[in-house]
$ cat model-v7.txt   # compact mmCIF, C-alpha atoms and all ligand atoms
# COMPACT_ATOMS: atom_id res chain seq x y z
CA MET A 1 0.00 0.00 0.00
CA LYS A 2 1.39 3.40 -0.96
CA TRP A 3 -0.76 5.57 1.25
CA LYS A 4 -3.55 5.49 3.82
CA ARG A 5 -6.19 8.02 4.60
CA ILE A 6 -6.99 9.01 8.21
CA GLY A 7 -9.85 11.51 8.37
CA ASP A 8 -8.93 14.21 5.83
CA ILE A 9 -5.19 13.57 6.05
CA LEU A 10 -3.16 11.35 3.72
CA ILE A 11 -0.25 9.37 5.19
CA LEU A 12 2.26 8.33 2.55
CA ASP A 13 4.21 5.12 2.74
CA SER A 14 7.95 5.69 3.38
CA LYS A 15 8.62 4.32 -0.12
CA PHE A 16 6.12 6.64 -1.83
CA ASP A 17 7.96 8.70 -4.48
CA TYR A 18 7.00 12.21 -5.50
CA GLU A 19 9.05 14.77 -7.38
CA SER A 20 7.71 18.20 -6.58
CA TYR A 21 5.32 20.23 -4.49
CA ASP A 22 2.97 20.17 -7.51
CA ASP A 23 2.78 16.37 -7.23
CA LEU A 24 1.68 16.73 -3.60
CA GLU A 25 -0.84 19.42 -4.50
CA ASN A 26 -2.33 17.15 -7.18
CA LEU A 27 -2.44 14.26 -4.72
CA SER A 28 -4.24 16.40 -2.15
CA ARG A 29 -6.83 17.40 -4.77
CA LYS A 30 -7.27 13.86 -6.02
CA HIS A 31 -7.89 12.49 -2.51
CA ASN A 32 -9.61 15.60 -1.20
CA VAL A 33 -7.31 15.95 1.84
CA LYS A 34 -6.00 19.06 3.61
CA THR A 35 -2.63 17.65 4.69
CA ILE A 36 -0.12 15.05 3.52
CA MET A 37 2.35 13.50 5.98
CA LYS A 38 4.88 10.72 6.31
CA ILE A 39 5.11 8.94 9.66
CA ASP A 40 8.54 7.41 10.04
CA HIS A 41 7.84 5.40 13.21
CA ILE A 42 6.02 5.49 16.53
CA GLN A 43 8.36 5.93 19.47
CA GLY A 44 8.50 5.34 23.22
CA THR A 45 6.02 4.06 25.75
CA LYS A 46 3.66 6.96 25.02
CA ARG A 47 3.56 5.83 21.36
CA GLU A 48 4.37 9.22 19.84
CA PRO A 49 4.79 9.65 16.06
CA VAL A 50 8.04 10.75 14.43
CA TYR A 51 6.68 12.49 11.34
CA THR A 52 7.17 14.97 8.49
CA VAL A 53 4.42 17.24 7.16
CA LEU A 54 4.83 17.39 3.37
CA TYR A 55 1.79 19.41 2.35
CA GLY A 56 -0.62 21.64 4.30
CA ASP A 57 -0.18 22.38 7.98
CA GLU A 58 -3.14 21.09 9.98
CA THR A 59 -2.44 17.71 11.62
CA GLU A 60 -5.67 17.41 13.63
CA THR A 61 -8.50 15.48 12.02
CA VAL A 62 -11.61 13.41 12.77
CA ASN A 63 -11.48 9.81 11.59
CA LYS A 64 -14.68 7.79 11.26
CA GLU A 65 -14.40 4.04 11.84
CA ASN A 66 -17.00 1.39 12.68
CA GLY A 67 -19.61 4.11 13.29
CA CYS A 68 -17.38 5.92 15.84
CA LEU A 69 -15.73 9.34 15.61
CA PHE A 70 -12.08 9.66 16.62
CA LYS A 71 -10.62 13.16 16.84
CA LEU A 72 -6.83 13.08 16.95
CA ASP A 73 -3.69 15.00 16.09
CA LEU A 74 -1.49 12.78 13.93
CA ALA A 75 1.57 14.79 14.97
CA LYS A 76 0.95 13.89 18.63
CA VAL A 77 -0.76 10.49 18.88
CA MET A 78 -0.77 7.26 16.90
CA TRP A 79 -3.43 5.59 14.79
CA SER A 80 -3.12 1.94 13.78
CA LYS A 81 -5.37 1.08 10.83
CA GLY A 82 -4.45 -2.61 11.19
CA ASN A 83 -6.32 -2.82 14.55
CA ASN A 84 -9.66 -1.84 12.99
CA ASN A 85 -11.33 -5.30 13.17
CA GLU A 86 -10.06 -5.94 16.70
CA ARG A 87 -11.54 -2.64 17.94
CA LEU A 88 -15.00 -3.69 16.72
CA ARG A 89 -14.62 -7.37 17.77
CA ILE A 90 -14.06 -6.38 21.41
CA ALA A 91 -16.95 -3.89 21.43
CA LYS A 92 -19.29 -6.66 20.22
CA LEU A 93 -18.17 -9.07 22.96
CA VAL A 94 -19.11 -6.72 25.79
CA GLY A 95 -22.28 -7.91 27.54
CA ASP A 96 -25.06 -5.77 28.98
CA ASP A 97 -24.20 -4.14 32.32
CA GLU A 98 -20.56 -5.19 32.25
CA THR A 99 -17.96 -2.98 33.88
CA VAL A 100 -14.96 -2.67 31.59
CA MET A 101 -11.45 -1.40 32.26
CA ASP A 102 -9.49 -0.16 29.23
CA MET A 103 -5.83 -0.12 30.27
CA PHE A 104 -3.58 1.84 27.82
CA ALA A 105 -6.72 3.57 26.49
CA GLY A 106 -5.00 6.06 24.14
CA ILE A 107 -7.57 8.31 22.46
CA GLY A 108 -10.26 5.70 23.13
CA TYR A 109 -9.33 3.12 20.47
CA PHE A 110 -11.33 0.47 22.37
CA SER A 111 -13.30 2.58 24.89
CA ILE A 112 -15.17 4.56 22.22
CA PRO A 113 -16.40 1.51 20.20
CA ILE A 114 -17.38 -0.19 23.49
CA GLY A 115 -19.31 2.94 24.52
CA VAL A 116 -20.99 3.20 21.11
CA HIS A 117 -21.77 -0.46 20.35
CA SER A 118 -22.43 -2.10 23.73
CA ASN A 119 -24.63 -1.61 26.77
CA ALA A 120 -21.70 -1.64 29.19
CA LYS A 121 -22.53 -0.30 32.62
CA HIS A 122 -19.26 1.58 32.85
CA VAL A 123 -15.89 1.89 31.11
CA TYR A 124 -12.79 3.08 33.03
CA SER A 125 -10.20 4.29 30.51
CA ILE A 126 -6.66 4.71 31.80
CA GLU A 127 -4.07 6.60 29.74
CA ILE A 128 -0.66 8.04 30.66
CA ASN A 129 0.03 10.38 27.71
CA PRO A 130 -1.60 13.82 28.32
CA ASN A 131 -2.05 14.38 24.56
CA SER A 132 -3.88 11.07 24.14
CA TYR A 133 -5.89 11.77 27.31
CA PHE A 134 -6.95 15.14 25.85
CA TYR A 135 -8.33 13.41 22.71
CA LEU A 136 -9.87 10.62 24.80
CA LYS A 137 -11.94 13.29 26.58
CA GLU A 138 -12.77 14.96 23.23
CA ASN A 139 -13.91 11.64 21.77
CA ILE A 140 -16.13 10.82 24.74
CA LYS A 141 -17.88 14.16 24.09
CA LEU A 142 -17.94 13.77 20.30
CA ASN A 143 -19.62 10.35 20.56
CA LYS A 144 -21.98 11.59 23.31
CA LEU A 145 -20.98 8.87 25.78
CA THR A 146 -22.00 9.14 29.41
CA ASN A 147 -20.63 5.84 30.74
CA VAL A 148 -16.91 6.28 29.93
CA THR A 149 -14.62 7.75 32.61
CA PRO A 150 -11.20 9.01 31.40
CA ILE A 151 -8.37 8.61 33.92
CA LEU A 152 -4.96 10.26 33.40
CA GLY A 153 -2.20 8.14 34.89
CA ASP A 154 -0.12 4.97 34.92
CA CYS A 155 -2.10 1.70 34.77
CA MET A 156 0.21 0.27 37.40
CA GLU A 157 -1.09 2.84 39.94
CA GLN A 158 -4.61 3.44 38.63
CA ALA A 159 -5.84 -0.09 37.79
CA PRO A 160 -5.79 -1.30 41.45
CA LYS A 161 -8.39 1.39 42.29
CA TYR A 162 -11.09 -0.28 40.14
CA ASN A 163 -12.68 -3.69 39.56
CA ALA A 164 -14.00 -4.90 36.24
CA ASP A 165 -15.74 -7.81 34.51
CA ARG A 166 -13.57 -7.32 31.43
CA ILE A 167 -10.15 -5.75 31.00
CA VAL A 168 -8.60 -4.73 27.68
CA MET A 169 -4.78 -4.54 27.60
CA GLY A 170 -4.31 -2.98 24.14
CA TYR A 171 -0.58 -2.33 24.33
CA VAL A 172 2.41 -4.37 23.20
CA LYS A 173 6.04 -4.94 24.19
CA THR A 174 5.85 -4.64 28.03
CA THR A 175 2.19 -5.51 28.55
CA HIS A 176 3.10 -8.65 30.51
CA HIS A 177 4.52 -6.45 33.31
CA TYR A 178 0.94 -5.27 33.95
CA LEU A 179 -0.70 -8.72 34.03
CA LYS A 180 -0.67 -9.02 37.82
CA VAL A 181 -2.42 -5.67 38.43
CA ALA A 182 -4.93 -6.48 35.69
CA ILE A 183 -5.74 -9.95 37.05
CA ASP A 184 -6.04 -8.57 40.60
CA SER A 185 -8.67 -6.08 39.35
CA LEU A 186 -10.65 -8.69 37.43
CA ASN A 187 -13.90 -9.92 38.98
CA GLU A 188 -14.58 -13.65 39.42
CA GLY A 189 -15.10 -15.21 35.97
CA GLY A 190 -13.96 -11.99 34.29
CA ILE A 191 -12.35 -11.81 30.87
CA LEU A 192 -8.95 -10.42 29.97
CA HIS A 193 -7.90 -9.37 26.45
CA TYR A 194 -4.13 -9.58 26.63
CA HIS A 195 -2.02 -8.26 23.71
CA GLU A 196 1.51 -9.35 22.93
CA THR A 197 3.97 -9.15 20.03
CA VAL A 198 5.49 -12.60 19.84
CA PRO A 199 7.74 -14.63 17.51
CA GLU A 200 5.47 -16.91 15.47
CA LYS A 201 6.96 -20.08 16.90
CA LEU A 202 6.17 -18.98 20.48
CA MET A 203 2.65 -17.76 19.69
CA LYS A 204 0.83 -20.71 21.23
CA THR A 205 3.01 -20.96 24.36
CA ARG A 206 4.60 -17.73 25.63
CA PRO A 207 1.53 -15.45 25.96
CA ILE A 208 -0.65 -18.00 27.78
CA GLU A 209 2.24 -19.09 30.01
CA ARG A 210 2.76 -15.46 31.00
CA VAL A 211 -0.93 -15.13 31.95
CA ILE A 212 -0.88 -18.38 33.95
CA SER A 213 2.30 -17.36 35.78
CA GLN A 214 0.66 -14.14 37.01
CA ALA A 215 -2.74 -15.66 37.88
CA GLY A 216 -1.49 -17.34 41.09
CA SER A 217 -4.10 -19.74 42.41
CA ARG A 218 -6.81 -18.56 39.99
CA ASP A 219 -7.81 -20.72 37.00
CA VAL A 220 -7.08 -19.52 33.49
CA GLU A 221 -9.22 -20.66 30.57
CA LEU A 222 -8.06 -19.73 27.06
CA LEU A 223 -11.14 -18.74 25.04
CA LYS A 224 -9.40 -17.51 21.88
CA LEU A 225 -6.02 -16.70 20.41
CA ASN A 226 -6.56 -14.03 17.76
CA LYS A 227 -3.90 -12.87 15.28
CA ILE A 228 -4.28 -9.12 14.77
CA LYS A 229 -1.52 -8.40 12.26
CA LYS A 230 2.06 -9.08 11.28
CA TYR A 231 4.19 -6.83 13.49
CA ALA A 232 7.61 -7.51 11.95
CA PRO A 233 9.07 -10.36 9.88
CA GLY A 234 8.37 -13.54 11.87
CA VAL A 235 6.64 -11.60 14.67
CA GLU A 236 2.86 -11.52 15.20
CA HIS A 237 0.70 -9.11 17.17
CA VAL A 238 -1.75 -11.42 18.95
CA VAL A 239 -4.49 -11.06 21.53
CA LEU A 240 -5.59 -13.74 23.96
CA ASP A 241 -9.11 -13.81 25.34
CA VAL A 242 -8.89 -15.55 28.72
CA ARG A 243 -11.40 -16.18 31.47
CA ILE A 244 -10.03 -15.98 35.01
CA THR A 245 -11.93 -17.77 37.78
C1 LIG B 1 -1.53 3.76 21.33
S1 LIG B 1 -2.28 2.58 22.31
C2 LIG B 1 -2.14 1.12 21.33
C3 LIG B 1 -2.99 1.15 20.09
C4 LIG B 1 -4.38 0.57 20.20
N1 LIG B 1 -4.34 -0.75 20.74
C5 LIG B 1 -5.14 0.56 18.88
O1 LIG B 1 -6.15 -0.12 18.75
O2 LIG B 1 -4.80 1.25 17.93
C6 LIG B 1 -1.25 2.37 23.69
C7 LIG B 1 -1.38 3.52 24.68
O3 LIG B 1 -0.88 3.08 25.96
C8 LIG B 1 -0.40 4.23 26.66
N2 LIG B 1 0.44 3.75 27.79
C9 LIG B 1 1.68 3.22 27.74
N3 LIG B 1 2.10 2.88 28.99
C10 LIG B 1 1.08 3.19 29.84
C11 LIG B 1 0.89 3.03 31.23
N4 LIG B 1 1.83 2.50 32.01
N5 LIG B 1 -0.28 3.43 31.78
C12 LIG B 1 -1.26 3.98 30.99
N6 LIG B 1 -1.14 4.14 29.65
C13 LIG B 1 0.01 3.75 29.07
C14 LIG B 1 0.35 5.00 25.58
O4 LIG B 1 0.50 6.35 25.94
C15 LIG B 1 -0.58 4.78 24.35
O5 LIG B 1 -1.47 5.85 24.20

$ encode --input "model-v7.txt" --output "structure tokens"
Amino acid sequence: MKWKRIGDILILDSKFDYESYDDLENLSRKHNVKTIMKIDHIQGTKREPVYTVLYGDETETVNKENGCLFKLDLAKVMWSKGNNNERLRIAKLVGDDETVMDMFAGIGYFSIPIGVHSNAKHVYSIEINPNSYFYLKENIKLNKLTNVTPILGDCMEQAPKYNADRIVMGYVKTTHHYLKVAIDSLNEGGILHYHETVPEKLMKTRPIERVISQAGSRDVELLKLNKIKKYAPGVEHVVLDVRIT
């Protein structure tokens, strides 16, 4: 893919070739976008973009996905198009009157679809990056949600203050460090959605073993192992749905 569109902004692939400003102007007209950017990579625990603006100057936009509105500034926070199906899948699993905790909530990648598509009793959305937290609050307003509470802070300190029937851990790399606090906050029979980036050959062993090792005396039942996308050559981004009793 040479480009992707997020709201009214076009993100060019790093390999996308153009010769002049006129080429960019034509591209912006063709796709009806106000800005064209390249995002080199997403860095650090706060998942901040390293980017170049090639055309236009506004980097804030509203992206519509799965019937939800996501306001975001692509110069400040990330957007992963590849997680689209997973965002809707989780929202559809949430049962009536469930209390949900969204650890690593970002701008509401999971919290907003849950608020829009389910009858959850309450969603606690914990996010450490003040820029993401700002857009999380904006998106709660934009989607007219009254049952989502944004919490600015570190999941390690905030999660123990709440209990939930379902916990989403939509973060990769060091997510396993947070398994104990998540499991401790999970109600009896509750469900955890645990994300991990894992070498393909360890996909069926390492993530579940990590959950079991942090569950102590509680039982762990694997409900589903879902591949989200290829993360790097030979590395998969997976999510495990597990019931903890
Ligand atoms: C960007 S999201 C991952 C993408 C998302 N799963 C999706 O569907 O596109 C991960 C978020 O976790 C936040 N984060 C990282 N460490 C955290 C922590 N210890 N406590 C709370 N939030 C944290 C980052 O700031 C980031 O906004």

$ closest_atom_pairs --input "model-v7.txt" --of "chain A" --to "ligand LIG 1 (chain B)" --cutoff "9 Å" --atoms "all atoms listed in the file" --output "Markdown table"
| residue | atom | partner | partner_atom | distance |
| --- | --- | --- | --- | --- |
| A:Gly44 | CA | B:LIG1 | C9 | 8.5 |
| A:Thr45 | CA | B:LIG1 | C9 | 4.8 |
| A:Lys46 | CA | B:LIG1 | O4 | 3.3 |
| A:Arg47 | CA | B:LIG1 | C15 | 5.2 |
| A:Glu48 | CA | B:LIG1 | O4 | 7.8 |
| A:Val77 | CA | B:LIG1 | O5 | 7.1 |
| A:Met78 | CA | B:LIG1 | C1 | 5.7 |
| A:Trp79 | CA | B:LIG1 | O2 | 5.5 |
| A:Ser80 | CA | B:LIG1 | O2 | 4.5 |
| A:Lys81 | CA | B:LIG1 | O2 | 7.1 |
| A:Gly82 | CA | B:LIG1 | O2 | 7.8 |
| A:Asn83 | CA | B:LIG1 | O1 | 5.0 |
| A:Asn84 | CA | B:LIG1 | O1 | 7.0 |
| A:Glu86 | CA | B:LIG1 | O1 | 7.3 |
| A:Arg87 | CA | B:LIG1 | O1 | 6.0 |
| A:Met103 | CA | B:LIG1 | C12 | 6.2 |
| A:Phe104 | CA | B:LIG1 | O3 | 3.5 |
| A:Ala105 | CA | B:LIG1 | C7 | 5.6 |
| A:Gly106 | CA | B:LIG1 | O5 | 3.5 |
| A:Ile107 | CA | B:LIG1 | O5 | 6.8 |
| A:Gly108 | CA | B:LIG1 | C4 | 8.3 |
| A:Tyr109 | CA | B:LIG1 | O1 | 4.9 |
| A:Phe110 | CA | B:LIG1 | O1 | 6.3 |
| A:Ser125 | CA | B:LIG1 | C12 | 9.0 |
| A:Ile126 | CA | B:LIG1 | C12 | 5.5 |
| A:Glu127 | CA | B:LIG1 | N6 | 3.8 |
| A:Ile128 | CA | B:LIG1 | N6 | 4.1 |
| A:Asn129 | CA | B:LIG1 | O4 | 4.4 |
| A:Pro130 | CA | B:LIG1 | O4 | 8.1 |
| A:Asn131 | CA | B:LIG1 | O4 | 8.5 |
| A:Ser132 | CA | B:LIG1 | O5 | 5.7 |
| A:Tyr133 | CA | B:LIG1 | O5 | 8.0 |
| A:Ile151 | CA | B:LIG1 | C12 | 9.0 |
| A:Leu152 | CA | B:LIG1 | C12 | 7.7 |
| A:Gly153 | CA | B:LIG1 | C12 | 5.8 |
| A:Asp154 | CA | B:LIG1 | N5 | 3.5 |
| A:Cys155 | CA | B:LIG1 | N5 | 3.9 |
| A:Met156 | CA | B:LIG1 | N4 | 6.1 |
| A:Glu157 | CA | B:LIG1 | N5 | 8.2 |
| A:Gln158 | CA | B:LIG1 | N5 | 8.1 |
| A:Ala159 | CA | B:LIG1 | N5 | 8.9 |
| A:Met169 | CA | B:LIG1 | N1 | 7.8 |
| A:Gly170 | CA | B:LIG1 | N1 | 4.1 |
| A:Tyr171 | CA | B:LIG1 | C6 | 4.8 |
| A:Val172 | CA | B:LIG1 | C2 | 7.4 |
| A:Thr174 | CA | B:LIG1 | N3 | 8.5 |
| A:Thr175 | CA | B:LIG1 | N3 | 8.4 |
| A:Tyr178 | CA | B:LIG1 | N4 | 8.1 |
| A:His195 | CA | B:LIG1 | N1 | 8.4 |

$ residues_near_point --input "model-v7.txt" --point "(-0.5, -20.6, 25.9)" --cutoff "12 Å" --atoms "all atoms listed in the file" --output "MDAnalysis selection string"
chainID A and resid 194 196 198 201:213 220:225 238:242

$ closest_residue --input "model-v7.txt" --among "A:Lys71, A:Lys38, A:Arg5, A:Arg89" --to "Ile228 of chain A" --atoms "all atoms listed in the file"
A:Arg89

$ closest_residue --input "model-v7.txt" --among "A:Ile36, A:Cys68, A:Ile114, A:Ala215" --to "Thr99 of chain A" --atoms "all atoms listed in the file"
A:Ile114

$ residues_around --input "model-v7.txt" --residues "segment 231-233 of chain A" --least-positions-apart "3" --cutoff "8 Å" --atoms "only C-alpha atoms" --output "PyMOL selection string"
chain A and resi 197+236-237

$ atom_distance --input "model-v7.txt" --atom1 "atom CA of Glu19 of chain A" --atom2 "atom CA of Val62 of chain A"
28.9 Å

$ residues_around --input "model-v7.txt" --residues "Val53 of chain A" --least-positions-apart "4" --cutoff "9 Å" --atoms "only C-alpha atoms" --output "list of chain:residue names"
A:Thr35, A:Ile36, A:Met37, A:Lys38, A:Ile39, A:Asp57, A:Glu58, A:Thr59, A:Ala75
